[in-house]
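Trainee: Pasting in a structure now, in structure tokens, and then I'll have a few things to ask.
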Amino acid sequence: MTTAEFPFPPTSPDKAIEQMRRIRDDRPMTQVQYAHGGKVWAIHRHGAIRQMLEDRRFVRKPFATGEMEVPYPVQFPDFLKTTMQFADPPEHTRLRRLVAKAFTLRRVELLRGRTRAFADDLLDAMERKGPPADLVQDYTLQVPIQVLSELLGVPAADRAKFTTWSQVMLSTNGLSEQELAEHGAALYTYLVELIAARRAEPADDLLSALAAAQEADDSLTDDEILPIAMLLLVAGFDNTANFATQGVLALLRNPDQLQVLLADIDGAAAKLPDEILRHGGFAVGRDVEGSAGLVPFVATEDVEIDGQLVRAGECVMADISTANHDEHVFEQPERFDITRSPNPHLTLSHGLHHCLGAPLARMEMQVIISSLFRRLPTLKLAGEEGYATDFLTGGLNRLPVTW
């Protein structure tokens, strides 16, 4: 196995899955050289990734302090390094425990009705305008924006500029450093003022709940709430919109699975998000390639993973796509199966860093897709989809449809 074989060049989904199988059989880990941050060990096997994610000897603090650069295909945004995902225990444990008090399943479920209402309003507008439509701009991007704004308590009048700021913060090219700094400063100022307002006059939103979260004599400061809000911007609408759009495209490209959904929309929607998260990108029929998975970690001492020695100071990353197609864990991993159960994919990480917003993301994807096909069961593609190339999260930015 040579370092050039992973990440592998664009190829068909079937060939990519076969290449993943060969990589796992040949060698459990591959060292990858990225343009930013240098070398990183890519872990390919599902069990080995879980082992690493459960091991406290792997940390992210050197990235947060600037001691090391994050190994990644693009320059990693500095603001993300201030968020909870770059904290290590005991600070990470403290922050996560306090955030969990505010970010509850009950709060997510209370949002489900509002999410349906947002979806229905957007679908009403699509029907009034008539086909064709760009599903991304008219629907799948708009629902998470509305939900996140509702969750954080962003007034309706501010949501357009809030969205612009959020997308700019994820931009990887096309903007000057000065433009990025200006947008970043505007967003930070806005959030600081909104947090202060919620402390003065609490409302029924997440920022108010974070401000009130307390355990014994411990509570979250404004300086701690701000990066939590910033992290939600990254994971809270852009990623969710990308996966929801990818799911719609995967269903349209796999009519057998679309029929499964249409036969029992409410029942099938429950398991649908996890199969999209696991396999959706391979189900759309587009060329795929090996890529960075979760944010990497740094070994604090020599550690052996799946027979490979990782030395202290070396970086490791999870090759999520390959792990999510590990035939030792998933039966027929190459198949897009929206009834798959169990589905222990690693797209939302595992252990200490498992995505705190996973219930929210699943709920939004369920509502976005089920509402769409309940309203427009004859939905079909009306042209080629488009992909973003200038955002950290990438994903679909255009999906022409008709009905």
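Identifiers for the structure tokens are assigned positionally: chains receive A, B, ... in sequence, residues are indexed from 1 per chain, and ligands are indexed from 1 in the order shown.
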Please list as a list in words every residue within 9 Å of A:Ser371, counting only C-alpha atoms and excluding residues in the same chain fewer than 4 positions away.
Mentor: Arg116, Ala119, Asp120, Leu123, Ile265, Gln366, Val367, Arg375 and Leu376 of chain A
Trainee: Atoms to include: N, CA, C and O atoms. Write the selected residues as a tab-separated table (two decimals), in the first residue's frame.
Mentor:
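For reference, part-v4.tsv as written:
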```
chain	number	residue	atom	x	y	z
A	116	ARG	N	-42.12	21.15	10.57
A	116	ARG	CA	-43.15	20.78	9.58
A	116	ARG	C	-43.82	22.03	9.01
A	116	ARG	O	-44.10	22.09	7.81
A	119	ALA	N	-41.51	23.63	6.52
A	119	ALA	CA	-41.48	22.82	5.30
A	119	ALA	C	-42.75	23.03	4.48
A	119	ALA	O	-42.68	23.21	3.25
A	120	ASP	N	-43.89	23.02	5.13
A	120	ASP	CA	-45.16	23.18	4.42
A	120	ASP	C	-45.26	24.55	3.75
A	120	ASP	O	-45.74	24.67	2.61
A	123	LEU	N	-43.08	24.47	0.67
A	123	LEU	CA	-43.69	23.65	-0.37
A	123	LEU	C	-44.90	24.35	-0.98
A	123	LEU	O	-45.15	24.24	-2.19
A	265	ILE	N	-44.52	6.36	4.40
A	265	ILE	CA	-43.64	7.51	4.59
A	265	ILE	C	-43.27	7.70	6.05
A	265	ILE	O	-42.10	7.87	6.38
A	366	GLN	N	-35.76	13.86	8.54
A	366	GLN	CA	-37.03	13.13	8.47
A	366	GLN	C	-38.15	14.04	7.96
A	366	GLN	O	-38.90	13.66	7.05
A	367	VAL	N	-38.25	15.21	8.54
A	367	VAL	CA	-39.34	16.13	8.18
A	367	VAL	C	-39.16	16.66	6.76
A	367	VAL	O	-40.12	16.70	5.97
A	375	ARG	N	-46.12	15.52	-0.20
A	375	ARG	CA	-46.75	16.57	-1.00
A	375	ARG	C	-46.55	16.34	-2.50
A	375	ARG	O	-47.47	16.57	-3.29
A	376	LEU	N	-45.35	15.90	-2.89
A	376	LEU	CA	-45.01	15.76	-4.32
A	376	LEU	C	-44.49	14.36	-4.61
A	376	LEU	O	-43.30	14.15	-4.88
```
Trainee: Skipping near chain neighbours, those fewer than 6 positions away, what residues fall within 10 Å of A:Ala203 using only C-alpha atoms, listed as a PyMOL selection string?
Mentor: chain A and resi 152-153+197+209
Trainee: Need to verify the contact set: stretch 302-308 of chain A, 9 Å, only C-alpha atoms, exclusion of same-chain residues closer than 5 positions in sequence. Can you return it as a PDB file with C-alpha atoms, in the first residue's frame?
Mentor:
```
ATOM      1  CA  PRO A  28      -5.555  -1.126   8.250  1.00  0.00           C
ATOM      2  CA  MET A  29      -4.029   2.360   8.069  1.00  0.00           C
ATOM      3  CA  ILE A  43      -7.765   4.628   9.855  1.00  0.00           C
ATOM      4  CA  ARG A  45     -11.590  -0.174   9.686  1.00  0.00           C
ATOM      5  CA  GLY A  47     -13.649  -1.258  14.834  1.00  0.00           C
ATOM      6  CA  ALA A  48     -10.263   0.494  14.818  1.00  0.00           C
ATOM      7  CA  ILE A  49     -11.906   3.903  14.414  1.00  0.00           C
ATOM      8  CA  GLN A  51     -11.157   2.159  19.387  1.00  0.00           C
ATOM      9  CA  MET A  52      -9.357   5.410  18.564  1.00  0.00           C
ATOM     10  CA  ARG A  57      -4.676   9.388  24.490  1.00  0.00           C
ATOM     11  CA  GLY A 313       2.880  13.621  18.185  1.00  0.00           C
ATOM     12  CA  GLU A 314       1.564  11.930  15.031  1.00  0.00           C
TER      13      GLU A 314
END
```
Trainee: Which residues are close to stretch 19-27 of chain A, i.e. within 9 Å by only C-alpha atoms, leaving aside same-chain residues fewer than 6 positions away? Reply as a CSV table (one decimal) with C-alpha atoms, in the first residue's frame.
Mentor:
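Below is the file that was written, out.csv:
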```
chain,number,residue,atom,x,y,z
A,1,MET,CA,0.0,0.0,0.0
A,5,GLU,CA,-3.6,5.2,-3.0
A,6,PHE,CA,-5.6,7.1,-0.4
A,8,PHE,CA,-8.0,7.7,-4.1
A,44,HIS,CA,-9.9,2.5,7.6
A,45,ARG,CA,-11.6,-0.2,9.7
A,290,GLY,CA,-11.3,9.3,-0.7
A,321,SER,CA,-16.6,6.4,4.1
A,322,THR,CA,-14.5,3.2,4.2
A,323,ALA,CA,-15.6,2.4,7.7
A,325,HIS,CA,-18.8,0.3,4.1
A,326,ASP,CA,-17.0,-2.3,6.3
A,327,GLU,CA,-18.5,-5.7,5.3
```
Trainee: Just how far from atom CA of A:Arg362 is atom CA of A:Val401, in Å to one decimal?
Mentor: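 Interatomic distance, atom CA of A:Val401 to atom CA of A:Arg362: 23.4 Å.
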Trainee: Considering only strand (DSSP E or B) as DSSP defines it on the backbone, what residues of stretch 93-238 of chain A qualify? List them as a list in words.
Mentor: Ala133, Asp134, Ser171, Gln214, Glu215, Asp218 and Ser219 of chain A
Trainee: Env of A:Gln146: 9 Å cut, atoms = only C-alpha atoms, seq-sep filter 3 positions within chain, self excluded. Answer as number ranges by chain.
Mentor: A: 115, 118, 142-143, 149-151, 156, 159, 237
Trainee: Just to be explicit: take each residue in the selection above, keep N, CA and C atoms, and write the result as a PDB file, in the first residue's frame.
Mentor:
```
ATOM      1  N   THR A 115     -40.836  22.728  12.479  1.00  0.00           N
ATOM      2  CA  THR A 115     -40.107  22.304  11.282  1.00  0.00           C
ATOM      3  C   THR A 115     -41.080  21.891  10.186  1.00  0.00           C
ATOM      4  N   PHE A 118     -42.507  25.065   8.717  1.00  0.00           N
ATOM      5  CA  PHE A 118     -41.572  25.706   7.792  1.00  0.00           C
ATOM      6  C   PHE A 118     -41.567  24.963   6.459  1.00  0.00           C
ATOM      7  N   GLN A 142     -33.477  26.074   2.966  1.00  0.00           N
ATOM      8  CA  GLN A 142     -34.270  27.031   3.725  1.00  0.00           C
ATOM      9  C   GLN A 142     -34.820  26.461   5.035  1.00  0.00           C
ATOM     10  N   VAL A 143     -35.199  25.190   5.022  1.00  0.00           N
ATOM     11  CA  VAL A 143     -35.771  24.612   6.253  1.00  0.00           C
ATOM     12  C   VAL A 143     -34.757  24.635   7.403  1.00  0.00           C
ATOM     13  N   SER A 149     -32.445  29.225  13.204  1.00  0.00           N
ATOM     14  CA  SER A 149     -32.788  30.559  13.681  1.00  0.00           C
ATOM     15  C   SER A 149     -33.799  30.475  14.817  1.00  0.00           C
ATOM     16  N   GLU A 150     -34.788  29.598  14.670  1.00  0.00           N
ATOM     17  CA  GLU A 150     -35.774  29.396  15.720  1.00  0.00           C
ATOM     18  C   GLU A 150     -35.113  28.860  16.986  1.00  0.00           C
ATOM     19  N   LEU A 151     -34.212  27.900  16.814  1.00  0.00           N
ATOM     20  CA  LEU A 151     -33.534  27.277  17.941  1.00  0.00           C
ATOM     21  C   LEU A 151     -32.705  28.285  18.726  1.00  0.00           C
ATOM     22  N   ALA A 156     -36.882  36.928  13.064  1.00  0.00           N
ATOM     23  CA  ALA A 156     -37.143  36.679  11.643  1.00  0.00           C
ATOM     24  C   ALA A 156     -36.519  37.747  10.754  1.00  0.00           C
ATOM     25  N   ARG A 159     -32.759  37.013   9.811  1.00  0.00           N
ATOM     26  CA  ARG A 159     -32.349  35.690   9.356  1.00  0.00           C
ATOM     27  C   ARG A 159     -31.599  35.706   8.037  1.00  0.00           C
ATOM     28  N   PHE A 237     -27.053  23.941  10.007  1.00  0.00           N
ATOM     29  CA  PHE A 237     -27.906  24.112   8.825  1.00  0.00           C
ATOM     30  C   PHE A 237     -27.237  23.677   7.531  1.00  0.00           C
TER      31      PHE A 237
END
```
Trainee: Stretch 174-188 of chain A: which residues within 12 Å, counting only C-alpha atoms, same-chain residues fewer than 3 positions away excluded, as a ChimeraX atom specification?
Mentor: /A:77-80,154,158-159,161-171,191-195,222-223,225-230,233,389-391
Trainee: Using only C-alpha atoms, please write the residues we just selected to a file, as an mmCIF file, in the first residue's frame.
Mentor:
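Contents of selection_32.cif, freshly written:
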```
data_model
loop_
_atom_site.group_PDB
_atom_site.id
_atom_site.type_symbol
_atom_site.label_atom_id
_atom_site.label_comp_id
_atom_site.auth_asym_id
_atom_site.auth_seq_id
_atom_site.Cartn_x
_atom_site.Cartn_y
_atom_site.Cartn_z
ATOM 1 C CA PRO A 77 -11.114 27.922 9.668
ATOM 2 C CA ASP A 78 -9.607 29.397 12.837
ATOM 3 C CA PHE A 79 -12.983 30.093 14.447
ATOM 4 C CA LEU A 80 -13.805 26.374 14.514
ATOM 5 C CA VAL A 154 -32.695 34.816 15.893
ATOM 6 C CA ASP A 158 -32.334 39.141 10.924
ATOM 7 C CA ARG A 159 -32.349 35.690 9.356
ATOM 8 C CA LYS A 161 -28.019 38.419 7.050
ATOM 9 C CA PHE A 162 -27.497 35.682 9.646
ATOM 10 C CA THR A 163 -27.496 33.113 6.831
ATOM 11 C CA THR A 164 -25.059 35.136 4.716
ATOM 12 C CA TRP A 165 -22.621 35.482 7.615
ATOM 13 C CA SER A 166 -22.830 31.768 8.368
ATOM 14 C CA GLN A 167 -22.072 30.725 4.782
ATOM 15 C CA VAL A 168 -19.200 33.178 4.488
ATOM 16 C CA MET A 169 -17.567 31.683 7.582
ATOM 17 C CA LEU A 170 -17.433 28.310 5.776
ATOM 18 C CA SER A 171 -15.984 29.740 2.553
ATOM 19 C CA LEU A 191 -24.154 36.829 18.577
ATOM 20 C CA VAL A 192 -22.540 38.622 21.525
ATOM 21 C CA GLU A 193 -25.395 41.129 21.571
ATOM 22 C CA LEU A 194 -28.009 38.381 21.186
ATOM 23 C CA ILE A 195 -26.516 36.378 24.086
ATOM 24 C CA ASP A 222 -20.795 34.246 27.514
ATOM 25 C CA ASP A 223 -17.328 33.504 26.120
ATOM 26 C CA ILE A 225 -21.667 30.141 24.770
ATOM 27 C CA LEU A 226 -20.369 32.065 21.745
ATOM 28 C CA PRO A 227 -18.259 29.214 20.239
ATOM 29 C CA ILE A 228 -21.108 26.773 20.944
ATOM 30 C CA ALA A 229 -23.381 28.966 18.833
ATOM 31 C CA MET A 230 -20.677 29.152 16.153
ATOM 32 C CA LEU A 233 -23.885 27.301 12.587
ATOM 33 C CA THR A 389 -16.531 23.777 -4.444
ATOM 34 C CA ASP A 390 -15.846 26.823 -2.300
ATOM 35 C CA PHE A 391 -17.238 25.770 1.089
#
```
Trainee: Identify all residues of stretch 109-318 of chain A in alpha helix (DSSP H) (DSSP on the backbone) and supply them as a ChimeraX atom specification.
Mentor: /A:109-129,135,142-152,159-169,177-200,206-212,222-233,239-253,255-263,265-269,272-283
